[in-house]
Every structure is written in C-alpha cells, then in structure tokens.
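Q: You'll find work.txt just under this line, and it carries compact mmCIF, C-alpha atoms and all ligand atoms.
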```txt
# COMPACT_ATOMS: atom_id res chain seq x y z
CA MET A 1 59.48 -53.63 -31.43
CA HIS A 2 61.58 -55.07 -34.23
CA ARG A 3 60.86 -58.62 -35.31
CA ARG A 4 63.42 -61.30 -36.21
CA ILE A 5 63.19 -63.36 -39.39
CA THR A 6 62.93 -67.06 -38.56
CA GLY A 7 62.13 -70.01 -40.81
CA LYS A 8 61.27 -69.64 -44.47
CA LEU A 9 61.43 -66.28 -46.25
CA VAL A 10 60.00 -65.40 -49.66
CA ILE A 11 62.21 -63.14 -51.78
CA ALA A 12 59.59 -61.03 -53.51
CA THR A 13 61.40 -60.02 -56.68
CA HIS A 14 61.12 -61.02 -60.33
CA ASN A 15 64.44 -59.39 -61.21
CA PRO A 16 67.13 -62.11 -61.56
CA GLY A 17 70.00 -59.67 -60.83
CA LYS A 18 68.39 -58.53 -57.59
CA LEU A 19 67.43 -62.08 -56.64
CA ALA A 20 71.05 -63.24 -56.92
CA GLU A 21 72.24 -60.34 -54.74
CA MET A 22 69.49 -60.82 -52.15
CA ARG A 23 70.26 -64.55 -51.92
CA GLU A 24 73.98 -63.85 -51.47
CA LEU A 25 73.27 -61.29 -48.75
CA LEU A 26 70.98 -63.71 -46.87
CA ALA A 27 73.17 -66.79 -47.29
CA PRO A 28 75.42 -66.31 -44.21
CA HIS A 29 72.37 -65.90 -41.95
CA GLY A 30 71.06 -69.40 -42.57
CA VAL A 31 67.66 -68.19 -43.81
CA GLU A 32 65.77 -70.60 -46.04
CA ALA A 33 64.82 -68.40 -49.01
CA VAL A 34 62.38 -69.14 -51.84
CA SER A 35 61.80 -66.75 -54.70
CA ALA A 36 58.56 -65.25 -55.94
CA GLY A 37 59.32 -66.79 -59.33
CA ASP A 38 59.72 -70.31 -57.84
CA LEU A 39 56.34 -69.91 -56.16
CA GLY A 40 54.69 -68.56 -59.33
CA LEU A 41 53.65 -65.30 -57.63
CA GLY A 42 52.39 -62.42 -59.78
CA GLU A 43 53.87 -58.92 -59.80
CA PRO A 44 51.75 -56.32 -58.00
CA ASP A 45 51.34 -52.85 -59.54
CA GLU A 46 53.94 -50.51 -58.09
CA THR A 47 51.61 -47.60 -57.41
CA GLY A 48 53.65 -45.98 -54.62
CA THR A 49 55.17 -42.53 -54.94
CA ASP A 50 58.51 -43.41 -53.34
CA PHE A 51 60.90 -46.37 -53.02
CA ARG A 52 59.75 -47.22 -49.52
CA SER A 53 56.07 -47.54 -50.37
CA ASN A 54 56.76 -49.63 -53.48
CA ALA A 55 58.95 -52.02 -51.46
CA ALA A 56 56.10 -52.38 -48.96
CA ILE A 57 53.55 -53.04 -51.74
CA LYS A 58 55.69 -55.90 -53.09
CA ALA A 59 56.49 -57.42 -49.68
CA ILE A 60 52.88 -57.23 -48.43
CA ALA A 61 51.48 -58.79 -51.64
CA ALA A 62 53.88 -61.75 -51.36
CA ALA A 63 53.30 -62.21 -47.62
CA GLN A 64 49.54 -62.24 -48.11
CA ALA A 65 49.73 -64.66 -51.05
CA THR A 66 52.05 -67.14 -49.31
CA LYS A 67 51.30 -66.62 -45.58
CA LEU A 68 55.06 -66.42 -45.08
CA PRO A 69 57.32 -63.48 -44.28
CA ALA A 70 58.37 -61.81 -47.54
CA PHE A 71 61.38 -59.65 -48.39
CA ALA A 72 61.23 -57.03 -51.17
CA ASP A 73 63.56 -54.40 -52.59
CA ASP A 74 62.52 -51.30 -54.46
CA SER A 75 65.44 -49.51 -55.97
CA GLY A 76 66.57 -47.23 -58.74
CA ILE A 77 68.98 -44.62 -59.94
CA VAL A 78 68.42 -40.94 -59.15
CA VAL A 79 70.19 -38.55 -61.54
CA ASP A 80 70.63 -35.03 -60.16
CA ALA A 81 70.82 -33.23 -63.53
CA LEU A 82 67.57 -34.95 -64.55
CA ASP A 83 65.73 -33.70 -61.47
CA GLY A 84 65.85 -37.16 -59.89
CA ALA A 85 64.72 -39.19 -62.93
CA PRO A 86 64.43 -42.07 -63.58
CA GLY A 87 64.14 -42.70 -59.81
CA ILE A 88 61.25 -45.01 -58.96
CA TYR A 89 60.69 -45.47 -62.71
CA SER A 90 64.16 -46.96 -63.32
CA ALA A 91 62.80 -50.36 -64.34
CA ARG A 92 60.13 -48.79 -66.59
CA TRP A 93 62.70 -46.77 -68.56
CA ALA A 94 64.00 -50.10 -69.88
CA GLY A 95 60.58 -50.88 -71.40
CA PRO A 96 58.88 -54.27 -71.68
CA ALA A 97 62.02 -55.72 -73.33
CA LYS A 98 64.03 -54.75 -70.21
CA ASP A 99 66.60 -53.14 -72.48
CA PHE A 100 68.99 -51.36 -70.09
CA ASN A 101 71.36 -50.40 -72.90
CA ALA A 102 68.49 -48.33 -74.30
CA ALA A 103 67.66 -46.95 -70.84
CA MET A 104 71.30 -45.92 -70.27
CA ALA A 105 71.41 -44.33 -73.74
CA GLN A 106 68.26 -42.38 -72.91
CA ILE A 107 69.87 -41.03 -69.71
CA GLU A 108 72.98 -40.07 -71.68
CA ARG A 109 70.89 -38.33 -74.37
CA LEU A 110 69.12 -36.25 -71.74
CA LEU A 111 72.40 -35.42 -69.96
CA GLN A 112 73.90 -34.23 -73.25
CA GLU A 113 70.79 -32.13 -73.97
CA ARG A 114 71.31 -30.43 -70.61
CA GLY A 115 75.02 -29.91 -71.24
CA ALA A 116 75.95 -32.27 -68.38
CA THR A 117 79.34 -33.30 -69.72
CA THR A 118 81.67 -32.89 -66.73
CA PRO A 119 81.67 -35.26 -63.69
CA ASP A 120 80.39 -32.54 -61.34
CA ARG A 121 77.25 -32.22 -63.53
CA ARG A 122 76.81 -36.00 -63.79
CA THR A 123 76.25 -36.95 -60.16
CA ALA A 124 73.74 -39.68 -59.32
CA HIS A 125 72.90 -42.12 -56.58
CA PHE A 126 71.34 -45.55 -56.31
CA VAL A 127 68.68 -46.07 -53.64
CA SER A 128 67.51 -49.36 -52.15
CA ALA A 129 64.45 -49.56 -49.92
CA LEU A 130 64.07 -52.97 -48.30
CA CYS A 131 60.89 -54.19 -46.65
CA VAL A 132 60.08 -57.42 -44.84
CA ALA A 133 56.33 -57.99 -44.41
CA TRP A 134 54.71 -60.68 -42.27
CA PRO A 135 51.25 -62.17 -42.94
CA ASP A 136 49.91 -60.33 -39.85
CA ASP A 137 50.94 -57.00 -41.48
CA HIS A 138 54.02 -56.37 -39.32
CA LEU A 139 56.61 -54.47 -41.42
CA GLU A 140 60.33 -53.82 -41.07
CA GLU A 141 61.66 -51.11 -43.42
CA VAL A 142 65.13 -49.70 -44.14
CA GLU A 143 66.66 -47.58 -46.90
CA ALA A 144 70.18 -46.68 -48.05
CA ARG A 145 71.99 -45.06 -50.96
CA VAL A 146 75.37 -44.99 -52.69
CA ASP A 147 76.65 -41.86 -54.41
CA GLY A 148 78.62 -41.67 -57.64
CA THR A 149 78.87 -40.22 -61.14
CA LEU A 150 77.67 -41.44 -64.52
CA VAL A 151 80.22 -42.36 -67.19
CA TRP A 152 79.79 -42.75 -70.95
CA PRO A 153 80.21 -45.13 -72.68
CA PRO A 154 79.08 -47.79 -70.18
CA ARG A 155 81.89 -50.00 -68.86
CA GLY A 156 81.86 -53.67 -67.83
CA THR A 157 79.49 -56.59 -68.14
CA ALA A 158 79.06 -57.60 -64.49
CA GLY A 159 75.97 -56.81 -62.43
CA PHE A 160 72.72 -55.71 -64.05
CA GLY A 161 70.59 -52.69 -64.94
CA TYR A 162 72.46 -49.38 -64.82
CA ASP A 163 75.65 -50.84 -63.26
CA PRO A 164 77.95 -50.24 -66.29
CA MET A 165 77.26 -46.50 -66.19
CA PHE A 166 77.68 -45.98 -62.44
CA LEU A 167 81.05 -45.07 -60.96
CA PRO A 168 80.80 -45.10 -57.15
CA ASP A 169 82.58 -42.22 -55.40
CA GLY A 170 86.16 -43.06 -54.43
CA HIS A 171 86.48 -45.83 -57.04
CA THR A 172 87.94 -46.04 -60.55
CA ARG A 173 85.78 -48.91 -61.82
CA THR A 174 82.03 -48.91 -62.46
CA PHE A 175 79.70 -51.38 -60.76
CA GLY A 176 79.67 -53.16 -64.14
CA GLU A 177 83.42 -53.73 -63.82
CA MET A 178 83.30 -55.03 -60.23
CA GLU A 179 83.05 -58.62 -59.01
CA SER A 180 79.84 -59.24 -57.08
CA ILE A 181 81.78 -59.47 -53.83
CA GLU A 182 83.14 -55.99 -54.41
CA LYS A 183 79.78 -54.47 -55.33
CA HIS A 184 77.69 -55.92 -52.55
CA GLY A 185 79.88 -58.21 -50.42
CA LEU A 186 79.81 -57.40 -46.72
CA PRO A 187 82.83 -57.12 -44.41
CA PRO A 188 85.12 -58.97 -43.94
CA LEU A 189 84.85 -60.16 -47.59
CA GLY A 190 83.70 -56.88 -49.14
CA LEU A 191 83.14 -53.24 -48.30
CA GLY A 192 79.36 -53.22 -48.22
CA LEU A 193 79.53 -50.71 -51.06
CA SER A 194 76.22 -50.86 -52.91
CA HIS A 195 72.93 -49.28 -51.88
CA ARG A 196 71.43 -52.77 -51.43
CA ALA A 197 74.34 -53.99 -49.28
CA ARG A 198 74.13 -50.87 -47.12
CA ALA A 199 70.40 -51.23 -46.65
CA PHE A 200 70.85 -54.93 -45.90
CA VAL A 201 73.34 -54.18 -43.12
CA LYS A 202 70.65 -52.04 -41.46
CA LEU A 203 68.04 -54.77 -41.92
CA ALA A 204 70.36 -57.47 -40.57
CA GLU A 205 70.92 -55.43 -37.41
CA ILE A 206 67.23 -55.41 -36.58
CA CYS A 207 65.90 -58.64 -38.14
CA LEU A 208 68.60 -61.28 -38.50
CA GLU A 209 70.71 -63.39 -36.19
CA PRO A 210 74.37 -62.30 -36.21
CA ARG A 211 76.52 -64.15 -38.75
P1 LIG B 301 61.07 -56.34 -58.81
O1 LIG B 301 60.10 -55.19 -58.66
O2 LIG B 301 60.42 -57.63 -59.22
O3 LIG B 301 61.95 -56.50 -57.61
P2 LIG B 301 62.24 -54.61 -60.79
O4 LIG B 301 63.41 -54.73 -61.71
O5 LIG B 301 60.93 -54.18 -61.41
O6 LIG B 301 62.08 -55.99 -60.01
P3 LIG B 301 62.34 -52.13 -59.32
O7 LIG B 301 60.95 -51.76 -59.63
O8 LIG B 301 62.83 -51.91 -57.93
O9 LIG B 301 62.62 -53.66 -59.61
O10 LIG B 301 63.30 -51.40 -60.33
C1 LIG B 301 64.60 -51.13 -60.02
C2 LIG B 301 65.41 -50.92 -61.27
O11 LIG B 301 66.51 -50.07 -60.92
C3 LIG B 301 66.00 -52.22 -61.73
O12 LIG B 301 65.23 -52.80 -62.75
C4 LIG B 301 67.39 -51.82 -62.20
O13 LIG B 301 67.36 -51.49 -63.51
C5 LIG B 301 67.71 -50.57 -61.40
N1 LIG B 301 68.60 -50.99 -60.33
C6 LIG B 301 68.29 -51.20 -59.03
N2 LIG B 301 69.35 -51.66 -58.34
C7 LIG B 301 70.36 -51.71 -59.23
C8 LIG B 301 71.69 -52.11 -59.13
O14 LIG B 301 72.21 -52.60 -58.00
N3 LIG B 301 72.44 -52.04 -60.23
C9 LIG B 301 71.93 -51.60 -61.38
N4 LIG B 301 70.68 -51.22 -61.57
C10 LIG B 301 69.88 -51.28 -60.50
```
Written as structure tokens, how would this file's structure read?

A:
Amino acid sequence: MHRRITGKLVIATHNPGKLAEMRELLAPHGVEAVSAGDLGLGEPDETGTDFRSNAAIKAIAAAQATKLPAFADDSGIVVDALDGAPGIYSARWAGPAKDFNAAMAQIERLLQERGATTPDRRTAHFVSALCVAWPDDHLEEVEARVDGTLVWPPRGTAGFGYDPMFLPDGHTRTFGEMESIEKHGLPPLGLGLSHRARAFVKLAEICLEPR
C-alpha cells in the first residue's frame, strides 16, 4: 500500500540546485519542508550501484537521523557514446570543487576522442530516482528520465550541473537557457519536462494530496 506524506518532510539533499527544484515541486502541495542542510545532517556514502539504491540510502539516512519522513533524489546524466558514463558518478566527475565546467569539458573531450561529433552520436538522458523514506523503514520509490543531445560549447547560465550542455528532444534551447518553470514546472504552468519533474509527477500521484 502506498503511503501519503503528511506533516513535516526533510529534503535530504546538500545540492542547492536540487533543493530549489524540490522545494518548488513540493510548494503547491502544502508540505512543510526542511532541508538536510538546515538540520545539519551529514552526507551518507553513496555506495549503491544504481540511482534507485543511492536515493534510498540518502532518504533512509535522513529519516533515521531525524525520525521524520525524508525525501531524496539521486540523479545524473547518462551519455550513450560513453557507455552510460558519468551516470551515478555525475556529481563525482565535478570533483571536490564541484566544478561542472570541468566535468562538461571532460565529457566533451571523451566525445571528441570517440568521434562523436554529430547529434545522432551525442545522445544522452538525465535520470532522477526519487525516494521517500519513513522512520519505520517504509519506502516509496519512483524514477523517470528525459532524453536529449549534448551540445558544445555549453549554453545558458540557468539551472545547475550539466544543464548548459543538455538539449532536450523537441526543443531548441538547453536546460541552461530555460527558466526554471520551463525546465521543471508542472502543468498548467510548465510542461513537466525534466527528469525530476517527471519523477515527481509519479511520486505526487501516490504520496501527495492533489493540488
Ligand atoms: P545530494 O546527493 O546531496 O542530493 P549531489 O549533487 O551529490 O547532491 P547526486 O549524487 O544525485 O547529487 O548527483 C547528481 C549530479 O548529477 C548532480 O550533482 C548534477 O551535477 C547532475 N544533475 C542531476 N540533475 C541535474 C539537473 O537537473 N541538471 C543538471 N545536472 C543535474
């Protein structure tokens, strides 16, 4: 049986870009959200082998530490010509300095090495696995993706991470060139375009009161 989110919810992320998006997605549902950073929670080791298990690790750690339901996202960019890299290691490719310009340049270097210069050789998708964990170990888990191609040089300064390099299918502007409402706004305001927005729609269906 699915479980509804009621009362206070911990957003178990230390990534400010994700936190802003997760707050915006939750806002219409009247959920009182506090962030892991506000509560001074540590970051668990992401030892899972896929997005889903890493999202669960983060949500469970925060739920156990706070005795509140906790909401986590594990996400990343999967590049076909790089055999799925960086995938679950997307954050790590930016290094301790969280330098995503360097991480995007690294992807581009590898694509060039493999002769991936035309759009059909530069396909990629973002994945978001969302998990809500309760202190009694109940879990709700969903996952979604958005497909696109990688452009070079990166375009736009909106969003975070790999957004400036990612051109979603059917669009002419990268995520880095889109307003937040366009990237992850839900109907009727947006299209529910991003991986995180799409996963959130699935989560809202099973865990949240209708807007
Ligand atoms: P938390 O674990 O604290 O949530 P994190 O940044 O370490 O933060 P992940 O392990 O899930 O999170 O790494 C995901 C990385 O993938 C993230 O750092 C971004 O660089 C990238 N990413 C995920 N969603 C993205 C998006 O919507 N736009 C651009 N890049 C994204």

Q: Between A:Val142, A:Ala62, A:Ala124, A:Cys131, which residue has the minimum interatomic distance to Asp169 in chain A, considering all atoms listed in the file?

A: A:Ala124

Q: Quick one: contact table of chain A to ligand LIG 301 (chain B), 6 Å max, nearest atom pair and distance in Å to one decimal per residue, counting only C-alpha atoms and all ligand atoms, chain and number order, as CSV?

A:
```
residue,atom,partner,partner_atom,distance
A:Thr13,CA,B:LIG301,O2,3.6
A:His14,CA,B:LIG301,O2,3.6
A:Asn15,CA,B:LIG301,O6,4.3
A:Asp73,CA,B:LIG301,O3,5.7
A:Asp74,CA,B:LIG301,O8,3.5
A:Ser75,CA,B:LIG301,O8,4.1
A:Gly76,CA,B:LIG301,O11,3.6
A:Ser90,CA,B:LIG301,O11,4.6
A:Ala91,CA,B:LIG301,O12,3.8
A:Phe160,CA,B:LIG301,C9,5.0
A:Gly161,CA,B:LIG301,N4,3.7
A:Tyr162,CA,B:LIG301,C9,4.1
A:Asp163,CA,B:LIG301,C9,4.2
```

Q: Quick one: distance from CA of Gly42 in chain A to CA of Ala20 in chain A in Å, one decimal?

A: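 Going from CA of Gly42 in chain A over to CA of Ala20 in chain A covers 18.9 Å.
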
Q: I'd like the interatomic distance between CA of Val146 in chain A and CA of Tyr89 in chain A, to a tenth of an Å.

A: 17.8 Å

Q: Would you mind telling me which residue in A:Thr117, A:Gln64, A:Thr157, A:Ser128 lies nearest to Asn101 in chain A when using only C-alpha atoms?

A: A:Thr157

Q: So which residues touch Leu193 in chain A within 9 Å, counting only C-alpha atoms, skipping near sequence neighbours fewer than 5 positions away, as a PyMOL selection string?

A: chain A and resi 146+168+182-186+198

Q: Would you mind exporting C-alpha atoms of the selected residues as a JSON list (two decimals), in the coordinates of the input?

A:
```json
[["chain", "number", "residue", "atom", "x", "y", "z"],
["A", 146, "VAL", "CA", 75.37, -44.99, -52.69],
["A", 168, "PRO", "CA", 80.80, -45.10, -57.15],
["A", 182, "GLU", "CA", 83.14, -55.99, -54.41],
["A", 183, "LYS", "CA", 79.78, -54.47, -55.33],
["A", 184, "HIS", "CA", 77.69, -55.92, -52.55],
["A", 185, "GLY", "CA", 79.88, -58.21, -50.42],
["A", 186, "LEU", "CA", 79.81, -57.40, -46.72],
["A", 198, "ARG", "CA", 74.13, -50.87, -47.12]]
```

Q: What is the distance between CA of Arg109 in chain A and CA of Arg92 in chain A, in Å to one decimal?

A: 16.9 Å

Q: Contacts of Ala133 in chain A at 10 Å or less, counting only C-alpha atoms, minus same-chain residues fewer than 6 places along, as a list in words?

A: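 Listing them by chain and then by number gives Leu9, Val10, Ala55, Ala56, Ile57, Lys58, Ala59, Ile60, Ala61, Ala62, Ala63, Gln64, Leu68, Pro69, Ala70, Phe71, Ala72, Leu139, Glu140 and Glu141 of chain A.
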
Q: Padding of 6 Å on every side, edges along x, y and z, all listed atoms of range 25-41 of chain A included: what centre and edge lengths in Å, to one decimal, does that box have, as lines of an AutoDock Vina configuration file?

A:
```
center_x = 64.5
center_y = -65.9
center_z = -50.6
size_x = 33.8
size_y = 21.3
size_z = 29.4
```

Q: Taking only C-alpha atoms into account, which of A:Phe166, A:Phe100, A:Trp93, A:Trp134 comes nearest Arg122 in chain A?

A: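 Among the listed residues, the smallest separation from Arg122 in chain A belongs to A:Phe166.
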
Q: Which of these residues is nearest to Asp137 in chain A, using all atoms listed in the file: A:Pro96, A:Thr174, A:Arg4, A:Lys67?

A: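 Selected residue with least distance to Asp137 in chain A: A:Lys67.
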
Q: Counting only C-alpha atoms, which residue out of A:Ala103, A:Gly148, A:Ala129, A:Ala81 sits closest to Ala197 in chain A?

A: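 For Ala197 in chain A, the nearest of the candidates is A:Ala129.
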
Q: Tell me which of A:Asp80, A:Asp45, A:Glu143, A:Asp136 sits closest to Ala199 in chain A, counting all atoms listed in the file.

A: A:Glu143
